[in-house]
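What follows is one structure encoded as C-alpha cells, with my remarks underneath.
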Amino acid sequence: MTLSRPTRLVLRTVGVGYLLVLVAVPIVVILWRTFGDGVGPFLDSVRTPAAIAALNLSLLIVAVVVPVNVVFGVLTAIALARWRFPGRGLVQAVVDLPFAVSPIVVGVSLIMLWGVHGWFGGVEALGVPVIFNVPGMVIATIFVTLPFVVREVEPVLHEIGTEQEQAAATLGASAWQTFTRVTVPAIRWGLTYGVVLTIARSLGEFGAVIMVSSGFPGVSQTLTLLVHSRYIDDHNTYGAYAAATLLMGVALLTLLGMALLDRKKRSAS
C-alpha cells in the first residue's frame, strides 16, 4: 500500500507525538525534578542505606530469577518445539498465563499457596519464611517473567529445524554434546534477547512483588517498592524521584544492551 507524502507526515507526527506524551515527557519531568538542584542531592538520596539495600535486593532477585528462567525456559521451549505430547496445548497456555493474569492476582495466589495457612505453608514451620520475605518475591518475579525466554527461544528452534541436530547425532555426538555444541549456539541470540527482557521485567516488577513483600527497608524492599514507599508512605517526593531515576538508569543500561545485541543479531544473520 502506497501512502501519499502528507499522509505519511501526519502518521509520523501522530506516532512521535504519542510517544512524546506517554514516554518522553514523564521521563523528562522526573529527570528535571531529580537534577534541578544538581547531582549532589541525587547522590545523597541514592546512597542512603535503604536505597543501597533496595538496589542490592533488586539485583539479587535478578541474579536468581534469570538462571532459573534460562534453564526451565530452554527446556520448555525445546519440549514445545521438538515434541508432540498430550497436554501440549495446556502447557502453551500456562506459559502465556503471566501475560493475561494481573500481577496483583499472582501475589494473592502466592499468599494462598505459601502463606501460613496455605497448601505449602508448612515450609515456614521449617524456618523458611516465604511470604513477606525474599523467597516469595523471587517466586513472584519468576512467575511474571516465565514467558520471555520460552517465547524468544521457541520460534528460533522452529526456524533452525532438526537437521543439524540429527547430523550431529549421526556422527556420534551424545545428546549433551548435540545440545551444547549445536542447539545452544543456534539459539544464542533468541536466548540472549529473552534474558534481557527477563532482567528488565524483574527490575520493574511491582504488583506481584508488593503483595508478597513486607516492604521493610533493608529487608524486603526493591527499588520499585522504595519509590512507592518514599512517595506514598514517607511523602518524600524528591527521594521518590531520585530512586525512580536510579531505577531508570539501570533499566536504560539494560535497554542499551538489548539494542546492541539486537544490532549484532541482525548483522550476524
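Numbering starts fresh at 1 for the residues of each chain in the C-alpha cells, the chains themselves are lettered A, B, ... in the order given, and ligands are numbered from 1 as they appear.
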Contact check, stretch 106-206 of chain A to stretch 69-73 of chain A, at most 9 Å, counting only C-alpha atoms, closest pairs as a Markdown table:
```
| residue | atom | partner | partner_atom | distance |
| --- | --- | --- | --- | --- |
| A:Ile142 | CA | A:Asn69 | CA | 7.0 |
| A:Thr145 | CA | A:Asn69 | CA | 7.6 |
| A:Leu146 | CA | A:Asn69 | CA | 6.3 |
| A:Pro147 | CA | A:Gly73 | CA | 7.6 |
| A:Phe148 | CA | A:Gly73 | CA | 8.0 |
| A:Val149 | CA | A:Gly73 | CA | 5.3 |
| A:Val150 | CA | A:Gly73 | CA | 4.8 |
| A:Arg151 | CA | A:Gly73 | CA | 8.5 |
| A:Val153 | CA | A:Gly73 | CA | 8.1 |
| A:Leu191 | CA | A:Val70 | CA | 7.7 |
| A:Gly194 | CA | A:Val70 | CA | 8.4 |
| A:Val195 | CA | A:Val70 | CA | 7.3 |
| A:Thr198 | CA | A:Asn69 | CA | 8.1 |
```
Point to revise | Which of stretch 13-125 of chain A fall in helix (DSSP H, G or I), as a PyMOL selection string | key: chain A and resi 13-35+39-46+49-82+88-100+103-114+122-125
I'd like a table as CSV: residues in stretch 194-243 of chain A with an atom no more than 6 Å from stretch 54-64 of chain A, each row giving the shortest atom pair and its distance in Å to one decimal, only C-alpha atoms counted, sorted by chain and rising residue number.
```
residue,atom,partner,partner_atom,distance
A:Gln221,CA,A:Ala54,CA,5.4
A:Thr222,CA,A:Ala54,CA,4.4
A:Leu223,CA,A:Ala54,CA,5.0
```
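Take atom CA of A:Met137 and atom CA of A:Ser220: the distance between them is 8.1 Å.
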Would you pick out the contacts of A:Trp32 at 12 Å or less, using only C-alpha atoms, so that residues sharing its chain but fewer than 4 positions from it are not included, and give the list as a PDB file with N, CA, C and O atoms, in the first residue's frame?
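Generated file (result15.pdb):
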```
ATOM      1  N   VAL A  25       7.868  12.847  27.865  1.00  0.00           N
ATOM      2  CA  VAL A  25       7.541  13.937  28.794  1.00  0.00           C
ATOM      3  C   VAL A  25       7.636  13.490  30.263  1.00  0.00           C
ATOM      4  O   VAL A  25       8.267  14.177  31.075  1.00  0.00           O
ATOM      5  N   PRO A  26       7.030  12.345  30.656  1.00  0.00           N
ATOM      6  CA  PRO A  26       7.187  11.917  32.060  1.00  0.00           C
ATOM      7  C   PRO A  26       8.640  11.707  32.461  1.00  0.00           C
ATOM      8  O   PRO A  26       9.030  12.052  33.581  1.00  0.00           O
ATOM      9  N   ILE A  27       9.442  11.131  31.564  1.00  0.00           N
ATOM     10  CA  ILE A  27      10.855  10.899  31.890  1.00  0.00           C
ATOM     11  C   ILE A  27      11.585  12.224  32.076  1.00  0.00           C
ATOM     12  O   ILE A  27      12.370  12.390  33.019  1.00  0.00           O
ATOM     13  N   VAL A  28      11.323  13.172  31.194  1.00  0.00           N
ATOM     14  CA  VAL A  28      11.968  14.482  31.308  1.00  0.00           C
ATOM     15  C   VAL A  28      11.575  15.173  32.605  1.00  0.00           C
ATOM     16  O   VAL A  28      12.403  15.785  33.288  1.00  0.00           O
ATOM     17  N   GLY A  36      17.307  19.065  39.265  1.00  0.00           N
ATOM     18  CA  GLY A  36      17.084  20.504  39.246  1.00  0.00           C
ATOM     19  C   GLY A  36      18.021  21.265  40.162  1.00  0.00           C
ATOM     20  O   GLY A  36      18.402  22.410  39.865  1.00  0.00           O
ATOM     21  N   ASP A  37      18.428  20.651  41.268  1.00  0.00           N
ATOM     22  CA  ASP A  37      19.336  21.302  42.215  1.00  0.00           C
ATOM     23  C   ASP A  37      20.750  20.743  42.125  1.00  0.00           C
ATOM     24  O   ASP A  37      21.567  20.946  43.037  1.00  0.00           O
ATOM     25  N   GLY A  38      21.040  20.013  41.063  1.00  0.00           N
ATOM     26  CA  GLY A  38      22.374  19.464  40.887  1.00  0.00           C
ATOM     27  C   GLY A  38      22.439  17.974  41.162  1.00  0.00           C
ATOM     28  O   GLY A  38      21.449  17.341  41.555  1.00  0.00           O
ATOM     29  N   VAL A  39      23.625  17.430  40.979  1.00  0.00           N
ATOM     30  CA  VAL A  39      23.825  15.989  41.147  1.00  0.00           C
ATOM     31  C   VAL A  39      24.000  15.614  42.621  1.00  0.00           C
ATOM     32  O   VAL A  39      23.672  14.493  43.027  1.00  0.00           O
ATOM     33  N   PHE A  42      20.979  14.202  44.506  1.00  0.00           N
ATOM     34  CA  PHE A  42      20.642  12.877  43.962  1.00  0.00           C
ATOM     35  C   PHE A  42      21.564  11.810  44.545  1.00  0.00           C
ATOM     36  O   PHE A  42      21.102  10.752  44.989  1.00  0.00           O
ATOM     37  N   TYR A 238      11.087  14.073  46.605  1.00  0.00           N
ATOM     38  CA  TYR A 238      12.388  14.098  45.948  1.00  0.00           C
ATOM     39  C   TYR A 238      13.069  12.733  46.040  1.00  0.00           C
ATOM     40  O   TYR A 238      13.686  12.265  45.073  1.00  0.00           O
ATOM     41  N   TYR A 241      11.665  10.568  43.422  1.00  0.00           N
ATOM     42  CA  TYR A 241      12.193  10.901  42.096  1.00  0.00           C
ATOM     43  C   TYR A 241      13.618  10.371  41.929  1.00  0.00           C
ATOM     44  O   TYR A 241      13.983   9.853  40.858  1.00  0.00           O
ATOM     45  N   ALA A 242      14.420  10.499  42.964  1.00  0.00           N
ATOM     46  CA  ALA A 242      15.805  10.031  42.886  1.00  0.00           C
ATOM     47  C   ALA A 242      15.856   8.515  42.723  1.00  0.00           C
ATOM     48  O   ALA A 242      16.623   7.990  41.901  1.00  0.00           O
ATOM     49  N   THR A 245      14.835   7.635  39.271  1.00  0.00           N
ATOM     50  CA  THR A 245      15.908   7.907  38.318  1.00  0.00           C
ATOM     51  C   THR A 245      16.962   6.817  38.354  1.00  0.00           C
ATOM     52  O   THR A 245      17.478   6.393  37.309  1.00  0.00           O
TER      53      THR A 245
END
```
Exercise for review: Go through A:Leu157, A:Leu226, A:Leu31, A:Leu113 and flag the residue nearest A:Leu75, using only C-alpha atoms for the distances.
Suggested key: A:Leu157
Review point. Of the residues A:Val196, A:Ile160, A:Trp114, A:Ala50, which is the one nearest to A:Leu225, using only C-alpha atoms?
Key: A:Ala50
Could you produce a table of the residues of stretch 139-199 of chain A lying within 9 Å of stretch 247-263 of chain A, with the nearest pair of atoms per residue and their separation in Å rounded to one decimal, using only C-alpha atoms, ordered by chain and increasing residue number, as a Markdown table?
```
| residue | atom | partner | partner_atom | distance |
| --- | --- | --- | --- | --- |
| A:Trp189 | CA | A:Leu261 | CA | 7.7 |
| A:Thr192 | CA | A:Leu261 | CA | 7.8 |
| A:Tyr193 | CA | A:Met258 | CA | 6.7 |
| A:Val196 | CA | A:Met258 | CA | 6.2 |
| A:Leu197 | CA | A:Met258 | CA | 8.1 |
| A:Ile199 | CA | A:Thr254 | CA | 7.5 |
```
Just-selected residues, N, CA and C atoms written as a compact mmCIF listing (two decimals), in the first residue's frame:
```txt
# COMPACT_ATOMS: atom_id res chain seq x y z
N TRP A 189 21.05 -16.08 20.22
CA TRP A 189 20.54 -14.72 20.14
C TRP A 189 19.12 -14.64 20.69
N THR A 192 19.55 -14.83 24.43
CA THR A 192 20.08 -13.58 24.99
C THR A 192 19.00 -12.52 25.05
N TYR A 193 18.20 -12.43 24.00
CA TYR A 193 17.11 -11.44 23.98
C TYR A 193 16.10 -11.75 25.09
N VAL A 196 17.53 -10.59 28.42
CA VAL A 196 17.45 -9.13 28.59
C VAL A 196 16.03 -8.72 28.98
N LEU A 197 15.04 -9.28 28.32
CA LEU A 197 13.65 -8.96 28.66
C LEU A 197 13.32 -9.41 30.09
N ILE A 199 15.45 -9.61 32.59
CA ILE A 199 16.10 -8.67 33.51
C ILE A 199 15.28 -7.39 33.63
```
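Compared by their closest atoms to A:Leu80, and using only C-alpha atoms, the residues A:Val66, A:Val209, A:Ala167, A:Ala93 rank with A:Ala93 nearest.
Closest approach to A:Val184 among A:Ile78, A:Val94, A:Val219, A:Ala240 is made by A:Ile78 (distances from only C-alpha atoms).
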